[in-house]
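In what follows, a structure is listed as structure tokens, so that the remarks can point back to it.
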Amino acid sequence: MKNRSTSLREEIEEMIAMGHLQPGHHLDETELATQFGVSRTPIREALIQLASMGIIDMRPRRGAQVATISPQQLVEMFEVMAEFEAMCGRMAARRMSKAEMQELQAAHLACQSASNTDDTDDYFYQNEQFHQLIYQGSHNEFLSTQALNLHRRLRPYRRLQLRVRDRVKMSFHEHDQVVEAIMAGDGEQAAQLLRGHIIIQGERFADLIASLKNLNTEA
């Protein structure tokens with residue numbers, strides 16, 4: 001059973017991922033305690049957990065704030081994420097059981113349903129499940145944990161990508177090819193496809209930065 005600080009950490013993390021708390025936003029312990037109806041102690045513990053994950057920054061005399069990533073850092077983190085995904089896909093194509101492949105196909109169909117309705121928030125959650133099944137399917141616990149940690153760190157930015165016009169439909173099309181490669185046991189093809197699916201460069205990076213600027217303007 002989760003303790004209160006862990007539940008609070010997940011709720012605050014979700015608020016950040018969904019854009020309700022923007023990069024650079026100051027996190028006031030008293031305000032959060034009032035909002036969640038708890039004392040400041042579990043809030044402080046939740047913030048410490050988030051800081052250990054790199055999702056927020058905690059600095060002496062300046063308090064806590066949602067972490068801000070520079071464009072250069074963002075590119076570097078997505079580059080590493082792309083390699084993690086490629087490794088997971090390569091191993092998953094070799095190691096996934098029949099039952100795990102069926103579960104991946106079910107997650108893929110859930111992504112399709114969200115894509116058809118153009119519900120970016122629903123697609124965001126279904127997409128997370130899809131990728132996490134590939135991590136698990138690698139049957140390499142260390143790699144899976146590292147991939148999941150970085151995935152969580154990039155959650156707000158991965159979600160923001162989905163707001164770019166036609167990105168959801170393109171993402172689903174890319175998933176379709178990944179599933180086909182994994183089902184065929186083609187590890188190298190799965191790796192190549194997942195690397196291309198995650199990496200941001202050229203126009204995709206420009207679109208993401210433009211979305212960030214628009215978000216900051218709205219805030």
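Residues are referred to by chain and number: the chain letter is A, B, ... according to the order shown in the structure tokens, the number counts from 1 in that chain, and ligands are numbered separately from 1 in the order shown.
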How close does range 38-89 of chain A get to range 121-134 of chain A? List, as a tab-separated table, each residue of range 38-89 of chain A within 9 Å, its nearest atom pair and the distance in Å to one decimal, counting only C-alpha atoms.
residue	atom	partner	partner_atom	distance
A:Glu85	CA	A:Ile134	CA	8.2
A:Cys88	CA	A:Ile134	CA	6.3
A:Gly89	CA	A:Ile134	CA	6.2
Spatial neighbours of Leu154 in chain A, 10 Å, only C-alpha atoms, chain gap at least 5 places, as a CSV table (one decimal) with N, CA, C and O atoms, in the first residue's frame:
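Once written, result_11.csv looks like this:
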chain,number,residue,atom,x,y,z
A,17,ALA,N,3.3,16.8,-15.5
A,17,ALA,CA,3.3,16.1,-16.8
A,17,ALA,C,2.1,16.7,-17.7
A,17,ALA,O,2.2,16.8,-18.9
A,54,GLY,N,14.8,14.4,-10.5
A,54,GLY,CA,15.1,15.4,-11.4
A,54,GLY,C,13.9,16.2,-11.9
A,54,GLY,O,14.1,17.1,-12.8
A,55,ILE,N,12.7,15.9,-11.4
A,55,ILE,CA,11.5,16.6,-12.0
A,55,ILE,C,11.4,18.0,-11.4
A,55,ILE,O,10.8,18.9,-12.0
A,69,ILE,N,14.4,22.7,-18.3
A,69,ILE,CA,15.4,22.1,-19.2
A,69,ILE,C,15.7,23.0,-20.3
A,69,ILE,O,14.8,23.5,-21.0
A,74,LEU,N,17.5,19.2,-23.5
A,74,LEU,CA,16.4,18.5,-24.0
A,74,LEU,C,16.8,17.6,-25.2
A,74,LEU,O,16.4,16.4,-25.2
A,77,MET,N,18.9,14.7,-23.8
A,77,MET,CA,18.1,13.7,-23.0
A,77,MET,C,17.2,12.8,-24.0
A,77,MET,O,17.1,11.6,-23.8
A,78,PHE,N,16.7,13.4,-25.0
A,78,PHE,CA,16.0,12.7,-26.0
A,78,PHE,C,16.9,11.7,-26.8
A,78,PHE,O,16.5,10.6,-27.2
A,81,MET,N,17.3,8.9,-24.5
A,81,MET,CA,16.1,8.1,-24.5
A,81,MET,C,15.9,7.3,-25.7
A,81,MET,O,15.4,6.1,-25.7
A,148,LEU,N,12.7,3.7,-17.9
A,148,LEU,CA,11.5,4.2,-17.2
A,148,LEU,C,11.7,5.5,-16.5
A,148,LEU,O,10.9,6.5,-16.6
A,149,ASN,N,12.9,5.6,-15.8
A,149,ASN,CA,13.2,6.8,-15.1
A,149,ASN,C,13.4,8.0,-16.0
A,149,ASN,O,12.9,9.1,-15.7
A,159,ARG,N,4.6,14.7,-23.8
A,159,ARG,CA,3.2,15.0,-23.9
A,159,ARG,C,3.0,16.2,-24.8
A,159,ARG,O,2.1,16.3,-25.7
A,160,LEU,N,3.9,17.2,-24.6
A,160,LEU,CA,3.9,18.4,-25.4
A,160,LEU,C,4.0,18.1,-26.9
A,160,LEU,O,3.4,18.8,-27.8
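CA of Ile43 in chain A sits 6.4 Å away from CA of Ser5 in chain A.
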As a PyMOL selection string, please: every residue in range 14-202 of chain A that DSSP puts in helix (DSSP H, G or I).
chain A and resi 14-17+29-36+40-52+71-95+98-116+120-137+141-153+155-161+167-183+187-198+202
Nearest candidate to Asp207 in chain A (options A:Leu194, A:Ala93, A:Ala110, A:Val164; using only C-alpha atoms):
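Result for the nearest residue to Asp207 in chain A: A:Val164.
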